[in-house]
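Participant: Before I ask anything, let me first share the structure, which is written out below as structure tokens.
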Amino acid sequence: MSLGQQIAPHLPFLRRYARALTGSQAEGDRYVRAALEAIVEAPEEFPTDIAPRLGLYRTFQAIWQTTQFEEHDSGVSDGGSEAIARARLARLAPLSRQALLLTAMEGFTIEDAAYLIQKEPDEVSDLVSEAIGEIESQTRTRVLIIEDEPLIAMDIETIVRDMGHDVTGVAVTRDEAVALAMEDRPGLVLADIQLADDSSGIDAVKDILAEFEVPVIFITAFPERLLTGERPEPTFLITKPFQRETVKTTISQALFFDQATVPAAN
């Protein structure tokens with residue numbers, strides 16, 4: 001198999017990484033193109049003692065670290081969640097951004113990421129933690145909790161507050177949830193689906209979404225009621241009993257792409 005055939009399957013993913021790294025598809029593609037030109041000009045220098053994908057990304061990293069292209073404005077303003085994500089990534093320090101993208105998005109191990117950015121594994125772990133902390137600081141919001149079990153509601157509220165978010169209220173019924181949402185509009189809703197008066201958290205969320213858009217995370221012991229395949233399924237669903245880290249990660253994911261969340265005050 002030729003070198004071109006070995007690296008071709010990985011090019012779409014390298015372009016994805018380059019776009020996230022530079023904040024622009026056009027700029028990202030320029031770096032990818034430069035990396036491919038370097039490989040074509042000196043194929044004997046392509047590393048052969050590692051996997052082709054790792055070698056491709058290492059070549060790209062070398063180009064990224066040594067080449068500075070003049071930025072061009074394409075005249076096209078991207079909108080939506082992808083643009084929001086790119087803007088937040090751009091606020092990260094360059095090495096932290098690379099470490100986070102290589103591990104969280106591209107799926108490289110800490111050791112492989114360390115090889116790619118020429119750092120020690122412990123340094124990469126610290127960079128990833130730094131990036132996650134910065135992202136969390138950029139996505140602080142106000143959270144409505146819809147949960148009728150007091151101990152679980154308290155646990156969720158503690159997680160939310162520990163992440164730096166405010167809690168607008170804790171509702172135990174559909175009517176109470178809707179009333180709280182209308183009184184103090186939240187930036188995120190965490191909802192159980194079976195509530196105290198046998199009303200439905202699903203219906204409460206539908207009522208709220210009819211008034212305004214807000215990201216929703218369902219936390220339930222009955223995921224089969226939502227994962228039916230018969231209607232649009234929720235993007236974010238946590239099954240009880242839950243792990244604290246699962247809730248934190250899901251909250252961060254839900255808020256990362258939402259334009260309503262704002263950077264924390266410096």
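By order in the structure tokens, chains are A, B, ...; within a chain, residues start at 1; ligands start at 1, following the order shown.
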Tell me, as a ChimeraX atom specification, which residues lie within 8 Å of A:Leu101, counting only C-alpha atoms; anything in the same chain fewer than 4 positions away does not count.
Facilitator: /A:17,20-21,97,105-106
Participant: Residues within 10 Å of stretch 35-42 of chain A, please, as a ChimeraX atom specification. Count only C-alpha atoms; anything in the same chain fewer than 3 positions from it doesn't count.
Facilitator: /A:3-4,7,11,29-32,45-46,56-64
Participant: Generate a file of the selected residues that holds N, CA, C and O atoms, formatted as a tab-separated table (two decimals), in the first residue's frame.
Facilitator:
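The new file again_37.tsv reads:
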```tsv
chain	number	residue	atom	x	y	z
A	3	LEU	N	2.07	5.24	0.44
A	3	LEU	CA	1.93	6.18	1.55
A	3	LEU	C	0.65	6.99	1.41
A	3	LEU	O	-0.07	7.22	2.39
A	4	GLY	N	0.32	7.40	0.19
A	4	GLY	CA	-0.91	8.15	-0.04
A	4	GLY	C	-2.14	7.36	0.37
A	4	GLY	O	-3.07	7.92	0.97
A	7	ILE	N	-2.48	7.26	4.26
A	7	ILE	CA	-2.90	8.46	5.00
A	7	ILE	C	-4.24	9.02	4.53
A	7	ILE	O	-4.89	9.79	5.26
A	11	LEU	N	-7.38	11.93	6.38
A	11	LEU	CA	-7.39	13.34	5.99
A	11	LEU	C	-8.65	14.09	6.43
A	11	LEU	O	-8.56	15.24	6.88
A	29	ASP	N	-7.35	24.32	6.17
A	29	ASP	CA	-7.00	23.58	4.95
A	29	ASP	C	-5.65	24.02	4.39
A	29	ASP	O	-4.95	23.23	3.76
A	30	ARG	N	-5.27	25.27	4.60
A	30	ARG	CA	-3.97	25.73	4.13
A	30	ARG	C	-2.85	24.99	4.85
A	30	ARG	O	-1.84	24.60	4.25
A	31	TYR	N	-3.02	24.78	6.15
A	31	TYR	CA	-2.01	24.04	6.91
A	31	TYR	C	-2.00	22.56	6.51
A	31	TYR	O	-0.93	21.94	6.42
A	32	VAL	N	-3.17	21.99	6.29
A	32	VAL	CA	-3.24	20.59	5.85
A	32	VAL	C	-2.57	20.45	4.49
A	32	VAL	O	-1.79	19.51	4.25
A	45	GLU	N	11.09	11.24	4.60
A	45	GLU	CA	11.13	11.80	5.94
A	45	GLU	C	9.87	11.49	6.75
A	45	GLU	O	9.82	11.78	7.95
A	46	PHE	N	8.87	10.92	6.10
A	46	PHE	CA	7.64	10.57	6.83
A	46	PHE	C	7.96	9.45	7.81
A	46	PHE	O	8.54	8.44	7.42
A	56	LEU	N	0.95	11.32	10.18
A	56	LEU	CA	0.30	12.41	9.45
A	56	LEU	C	0.09	13.61	10.38
A	56	LEU	O	0.40	14.76	10.01
A	57	TYR	N	-0.43	13.37	11.55
A	57	TYR	CA	-0.66	14.47	12.50
A	57	TYR	C	0.65	15.08	12.96
A	57	TYR	O	0.74	16.29	13.18
A	58	ARG	N	1.70	14.24	13.10
A	58	ARG	CA	3.00	14.79	13.51
A	58	ARG	C	3.55	15.71	12.43
A	58	ARG	O	4.11	16.77	12.74
A	59	THR	N	3.38	15.33	11.18
A	59	THR	CA	3.82	16.20	10.09
A	59	THR	C	3.05	17.51	10.11
A	59	THR	O	3.61	18.59	9.94
A	60	PHE	N	1.73	17.41	10.32
A	60	PHE	CA	0.92	18.62	10.42
A	60	PHE	C	1.39	19.50	11.56
A	60	PHE	O	1.51	20.72	11.42
A	61	GLN	N	1.64	18.88	12.73
A	61	GLN	CA	2.08	19.66	13.88
A	61	GLN	C	3.38	20.40	13.60
A	61	GLN	O	3.56	21.55	14.03
A	62	ALA	N	4.28	19.76	12.88
A	62	ALA	CA	5.55	20.40	12.54
A	62	ALA	C	5.31	21.63	11.66
A	62	ALA	O	5.94	22.68	11.85
A	63	ILE	N	4.38	21.51	10.72
A	63	ILE	CA	4.04	22.65	9.86
A	63	ILE	C	3.38	23.74	10.69
A	63	ILE	O	3.69	24.93	10.56
A	64	TRP	N	2.46	23.35	11.56
A	64	TRP	CA	1.74	24.31	12.39
A	64	TRP	C	2.70	25.09	13.29
A	64	TRP	O	2.53	26.29	13.48
```
Participant: What's the separation between atom CA of A:Ala26 and atom CA of A:Leu102, in Å to one decimal place?
Facilitator: 19.9 Å
Participant: Provide the atom CA of A:Gln5 to atom CA of A:Asp49 distance in Å, to one decimal place.
Facilitator: 17.0 Å
Participant: Hey, what's within 8 Å of stretch 206-216 of chain A if we count only C-alpha atoms and toss same-chain stuff fewer than 5 positions away? As a CSV table (one decimal) with all heavy atoms, in the first residue's frame, please?
Facilitator:
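out-v7.csv, freshly written:
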```
chain,number,residue,atom,x,y,z
A,178,VAL,N,-42.8,24.9,35.3
A,178,VAL,CA,-43.2,25.9,34.3
A,178,VAL,C,-43.2,27.3,34.9
A,178,VAL,O,-42.7,28.3,34.4
A,178,VAL,CB,-44.5,25.6,33.6
A,178,VAL,CG1,-44.9,26.7,32.6
A,178,VAL,CG2,-44.4,24.3,32.8
A,181,ALA,N,-39.7,28.6,35.6
A,181,ALA,CA,-39.0,28.9,34.4
A,181,ALA,C,-39.5,30.3,33.8
A,181,ALA,O,-38.7,31.1,33.3
A,181,ALA,CB,-39.2,27.8,33.3
A,182,MET,N,-40.8,30.6,33.9
A,182,MET,CA,-41.4,31.8,33.4
A,182,MET,C,-41.0,33.0,34.4
A,182,MET,O,-40.8,34.1,33.9
A,182,MET,CB,-42.9,31.7,33.4
A,182,MET,CG,-43.4,30.7,32.4
A,182,MET,SD,-42.8,30.9,30.7
A,182,MET,CE,-41.6,29.5,30.6
A,186,PRO,N,-34.1,30.2,33.0
A,186,PRO,CA,-32.8,29.6,33.2
A,186,PRO,C,-32.1,29.5,31.8
A,186,PRO,O,-32.6,29.6,30.8
A,186,PRO,CB,-33.2,28.2,33.6
A,186,PRO,CG,-34.6,27.9,32.9
A,186,PRO,CD,-35.2,29.3,32.9
A,187,GLY,N,-30.8,29.2,32.0
A,187,GLY,CA,-29.9,28.9,30.8
A,187,GLY,C,-29.7,27.5,30.6
A,187,GLY,O,-29.1,27.1,29.6
A,188,LEU,N,-30.2,26.6,31.5
A,188,LEU,CA,-30.1,25.2,31.4
A,188,LEU,C,-31.2,24.6,32.3
A,188,LEU,O,-31.5,25.1,33.3
A,188,LEU,CB,-28.7,24.7,31.8
A,188,LEU,CG,-28.5,23.2,31.9
A,188,LEU,CD1,-28.5,22.6,30.5
A,188,LEU,CD2,-27.2,22.8,32.6
A,189,VAL,N,-31.8,23.5,31.8
A,189,VAL,CA,-32.8,22.7,32.6
A,189,VAL,C,-32.3,21.3,32.8
A,189,VAL,O,-31.9,20.6,31.8
A,189,VAL,CB,-34.2,22.7,31.9
A,189,VAL,CG1,-35.1,21.8,32.6
A,189,VAL,CG2,-34.7,24.1,31.7
A,190,LEU,N,-32.3,20.8,34.0
A,190,LEU,CA,-32.0,19.5,34.4
A,190,LEU,C,-33.3,18.8,34.9
A,190,LEU,O,-33.9,19.3,35.9
A,190,LEU,CB,-30.9,19.4,35.4
A,190,LEU,CG,-29.6,20.0,35.1
A,190,LEU,CD1,-28.7,19.9,36.3
A,190,LEU,CD2,-29.0,19.4,33.9
A,191,ALA,N,-33.8,17.8,34.2
A,191,ALA,CA,-35.2,17.4,34.4
A,191,ALA,C,-35.3,15.9,34.6
A,191,ALA,O,-34.8,15.1,33.8
A,191,ALA,CB,-36.1,17.8,33.3
A,234,PRO,N,-33.8,13.0,23.1
A,234,PRO,CA,-33.0,14.0,23.7
A,234,PRO,C,-31.6,13.9,23.4
A,234,PRO,O,-31.0,12.8,23.4
A,234,PRO,CB,-33.3,13.9,25.2
A,234,PRO,CG,-33.7,12.5,25.4
A,234,PRO,CD,-34.5,12.1,24.2
A,236,PHE,N,-29.2,15.0,25.3
A,236,PHE,CA,-28.5,14.8,26.6
A,236,PHE,C,-29.4,14.0,27.5
A,236,PHE,O,-30.4,14.5,27.9
A,236,PHE,CB,-28.0,16.1,27.2
A,236,PHE,CG,-27.2,16.9,26.3
A,236,PHE,CD1,-27.6,18.0,25.6
A,236,PHE,CD2,-25.8,16.5,26.1
A,236,PHE,CE1,-26.8,18.7,24.8
A,236,PHE,CE2,-25.0,17.3,25.2
A,236,PHE,CZ,-25.5,18.4,24.6
A,254,ALA,N,-23.4,20.3,27.1
A,254,ALA,CA,-24.7,21.0,26.7
A,254,ALA,C,-24.5,22.5,26.6
A,254,ALA,O,-25.1,23.1,25.7
A,254,ALA,CB,-25.8,20.7,27.8
A,255,LEU,N,-23.7,23.0,27.5
A,255,LEU,CA,-23.5,24.5,27.5
A,255,LEU,C,-22.4,25.0,26.5
A,255,LEU,O,-22.5,26.1,26.1
A,255,LEU,CB,-23.1,24.9,28.9
A,255,LEU,CG,-24.2,24.8,30.0
A,255,LEU,CD1,-23.6,25.2,31.3
A,255,LEU,CD2,-25.4,25.5,29.7
A,258,ASP,N,-23.9,26.4,23.4
A,258,ASP,CA,-25.1,27.3,23.6
A,258,ASP,C,-24.7,28.7,23.7
A,258,ASP,O,-23.9,29.1,24.5
A,258,ASP,CB,-25.9,26.8,24.8
A,258,ASP,CG,-27.1,27.6,25.0
A,258,ASP,OD1,-28.0,27.6,24.1
A,258,ASP,OD2,-27.2,28.4,26.0
```
Participant: Where does stretch 88-158 of chain A meet stretch 237-250 of chain A within 10 Å, residue by residue, with the nearest atom pair and distance in Å to one decimal for each, counting only C-alpha atoms, listed by chain and rising number, as a tab-separated table?
Facilitator:
```
residue	atom	partner	partner_atom	distance
A:Ile132	CA	A:Thr249	CA	9.8
A:Glu136	CA	A:Lys248	CA	9.7
A:Ile152	CA	A:Pro241	CA	9.5
A:Asp155	CA	A:Arg244	CA	8.8
A:Ile156	CA	A:Val247	CA	8.2
A:Thr158	CA	A:Arg244	CA	10.0
```
Participant: Can you list, as a PyMOL selection string, every protein, DNA or RNA residue that comes within 10 Å of A:Glu120 when you count only C-alpha atoms, leaving out same-chain residues fewer than 6 positions away?
Facilitator: chain A and resi 110-111+113-114
Participant: Let me see the file: selected residues, all heavy atoms, as a PDB file, in the first residue's frame.
Facilitator:
```pdb
ATOM      1  N   ILE A 110      -3.084  10.200  25.843  1.00  0.00           N
ATOM      2  CA  ILE A 110      -2.228  11.238  26.416  1.00  0.00           C
ATOM      3  C   ILE A 110      -0.800  11.078  25.897  1.00  0.00           C
ATOM      4  O   ILE A 110      -0.131  12.065  25.559  1.00  0.00           O
ATOM      5  CB  ILE A 110      -2.245  11.177  27.953  1.00  0.00           C
ATOM      6  CG1 ILE A 110      -3.615  11.593  28.499  1.00  0.00           C
ATOM      7  CG2 ILE A 110      -1.139  12.051  28.549  1.00  0.00           C
ATOM      8  CD1 ILE A 110      -3.949  13.059  28.298  1.00  0.00           C
ATOM      9  N   GLU A 111      -0.345   9.820  25.795  1.00  0.00           N
ATOM     10  CA  GLU A 111       1.015   9.560  25.335  1.00  0.00           C
ATOM     11  C   GLU A 111       1.192   9.974  23.880  1.00  0.00           C
ATOM     12  O   GLU A 111       2.209  10.585  23.507  1.00  0.00           O
ATOM     13  CB  GLU A 111       1.360   8.079  25.517  1.00  0.00           C
ATOM     14  CG  GLU A 111       1.524   7.625  26.951  1.00  0.00           C
ATOM     15  CD  GLU A 111       0.201   7.555  27.719  1.00  0.00           C
ATOM     16  OE1 GLU A 111      -0.862   7.425  27.064  1.00  0.00           O
ATOM     17  OE2 GLU A 111       0.238   7.628  28.964  1.00  0.00           O
ATOM     18  N   ALA A 113      -0.637  12.217  22.249  1.00  0.00           N
ATOM     19  CA  ALA A 113      -0.722  13.676  22.204  1.00  0.00           C
ATOM     20  C   ALA A 113       0.594  14.306  22.657  1.00  0.00           C
ATOM     21  O   ALA A 113       1.034  15.317  22.100  1.00  0.00           O
ATOM     22  CB  ALA A 113      -1.876  14.168  23.077  1.00  0.00           C
ATOM     23  N   ALA A 114       1.228  13.702  23.659  1.00  0.00           N
ATOM     24  CA  ALA A 114       2.518  14.201  24.132  1.00  0.00           C
ATOM     25  C   ALA A 114       3.560  14.121  23.024  1.00  0.00           C
ATOM     26  O   ALA A 114       4.361  15.054  22.832  1.00  0.00           O
ATOM     27  CB  ALA A 114       2.975  13.402  25.354  1.00  0.00           C
TER      28      ALA A 114
END
```
Participant: Could you find all residues in stretch 9-164 of chain A that DSSP calls alpha helix (DSSP H) from the backbone, and write them as a PyMOL selection string?
Facilitator: chain A and resi 11-22+25-41+52-66+80-90+94-100+110-117+121-138+150-162
Participant: Go through A:Ile146, A:Val124, A:Met154, A:Leu14 one by one, measure the shortest atom-to-atom distance of each to A:Gly55 using only C-alpha atoms, and give the residue with the smallest value.
Facilitator: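 Ranking A:Ile146, A:Val124, A:Met154, A:Leu14 by distance to A:Gly55, first place goes to A:Leu14.
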Participant: As a list in words, which residues of stretch 90-262 of chain A does DSSP assign to strand (DSSP E)?
Facilitator: Arg142, Val143, Leu144, Ile145, Ile146, Asp166, Val167, Thr168, Gly169, Val170, Ala171, Leu188, Val189, Leu190, Ala191, Val216, Ile217, Phe218, Ile219, Thr220, Leu237, Ile238 and Thr239 of chain A
Participant: Emit the selected residues as a CSV table (one decimal), in the first residue's frame, including N, CA, C and O atoms.
Facilitator:
```csv
chain,number,residue,atom,x,y,z
A,142,ARG,N,-27.4,29.9,34.6
A,142,ARG,CA,-28.4,29.7,35.6
A,142,ARG,C,-29.2,28.4,35.3
A,142,ARG,O,-29.7,28.3,34.2
A,143,VAL,N,-29.4,27.6,36.3
A,143,VAL,CA,-29.9,26.2,36.1
A,143,VAL,C,-31.2,26.0,36.8
A,143,VAL,O,-31.3,26.3,38.0
A,144,LEU,N,-32.2,25.5,36.1
A,144,LEU,CA,-33.5,25.1,36.8
A,144,LEU,C,-33.4,23.5,36.9
A,144,LEU,O,-33.2,22.8,36.0
A,145,ILE,N,-33.7,23.1,38.1
A,145,ILE,CA,-33.7,21.6,38.4
A,145,ILE,C,-35.1,21.2,38.6
A,145,ILE,O,-35.8,21.7,39.4
A,146,ILE,N,-35.5,20.2,37.9
A,146,ILE,CA,-36.9,19.6,38.0
A,146,ILE,C,-36.7,18.2,38.5
A,146,ILE,O,-36.3,17.3,37.8
A,166,ASP,N,-25.4,29.1,38.9
A,166,ASP,CA,-26.4,29.4,39.8
A,166,ASP,C,-27.6,28.5,39.6
A,166,ASP,O,-27.9,28.1,38.5
A,167,VAL,N,-28.4,28.3,40.7
A,167,VAL,CA,-29.6,27.6,40.6
A,167,VAL,C,-30.8,28.5,40.7
A,167,VAL,O,-30.9,29.2,41.8
A,168,THR,N,-31.7,28.5,39.7
A,168,THR,CA,-32.9,29.4,39.8
A,168,THR,C,-34.0,28.8,40.7
A,168,THR,O,-34.8,29.6,41.2
A,169,GLY,N,-34.0,27.5,40.9
A,169,GLY,CA,-35.0,26.9,41.7
A,169,GLY,C,-35.0,25.4,41.5
A,169,GLY,O,-34.4,24.9,40.5
A,170,VAL,N,-35.7,24.7,42.4
A,170,VAL,CA,-35.9,23.3,42.3
A,170,VAL,C,-37.4,23.0,42.3
A,170,VAL,O,-38.1,23.3,43.2
A,171,ALA,N,-37.9,22.4,41.2
A,171,ALA,CA,-39.3,22.2,41.0
A,171,ALA,C,-39.6,20.7,41.2
A,171,ALA,O,-38.8,19.9,40.8
A,188,LEU,N,-30.2,26.6,31.5
A,188,LEU,CA,-30.1,25.2,31.4
A,188,LEU,C,-31.2,24.6,32.3
A,188,LEU,O,-31.5,25.1,33.3
A,189,VAL,N,-31.8,23.5,31.8
A,189,VAL,CA,-32.8,22.7,32.6
A,189,VAL,C,-32.3,21.3,32.8
A,189,VAL,O,-31.9,20.6,31.8
A,190,LEU,N,-32.3,20.8,34.0
A,190,LEU,CA,-32.0,19.5,34.4
A,190,LEU,C,-33.3,18.8,34.9
A,190,LEU,O,-33.9,19.3,35.9
A,191,ALA,N,-33.8,17.8,34.2
A,191,ALA,CA,-35.2,17.4,34.4
A,191,ALA,C,-35.3,15.9,34.6
A,191,ALA,O,-34.8,15.1,33.8
A,216,VAL,N,-31.6,21.3,27.4
A,216,VAL,CA,-32.2,20.4,28.4
A,216,VAL,C,-31.4,19.1,28.6
A,216,VAL,O,-31.0,18.5,27.6
A,217,ILE,N,-31.2,18.7,29.8
A,217,ILE,CA,-30.6,17.4,30.2
A,217,ILE,C,-31.6,16.6,31.0
A,217,ILE,O,-32.1,17.1,32.0
A,218,PHE,N,-32.0,15.5,30.5
A,218,PHE,CA,-32.9,14.6,31.3
A,218,PHE,C,-32.0,13.7,32.2
A,218,PHE,O,-31.1,13.1,31.7
A,219,ILE,N,-32.4,13.6,33.4
A,219,ILE,CA,-31.8,12.7,34.4
A,219,ILE,C,-32.9,11.8,34.9
A,219,ILE,O,-33.8,12.2,35.7
A,220,THR,N,-32.8,10.5,34.6
A,220,THR,CA,-34.0,9.7,34.8
A,220,THR,C,-33.6,8.2,35.1
A,220,THR,O,-32.6,7.7,34.5
A,237,LEU,N,-28.9,12.8,27.9
A,237,LEU,CA,-29.7,11.9,28.7
A,237,LEU,C,-28.8,11.2,29.7
A,237,LEU,O,-27.8,10.5,29.3
A,238,ILE,N,-29.1,11.3,31.0
A,238,ILE,CA,-28.3,10.7,32.0
A,238,ILE,C,-29.2,9.7,32.8
A,238,ILE,O,-30.3,10.0,33.2
A,239,THR,N,-28.7,8.5,33.0
A,239,THR,CA,-29.4,7.4,33.6
A,239,THR,C,-29.1,7.4,35.1
A,239,THR,O,-27.9,7.4,35.5
```
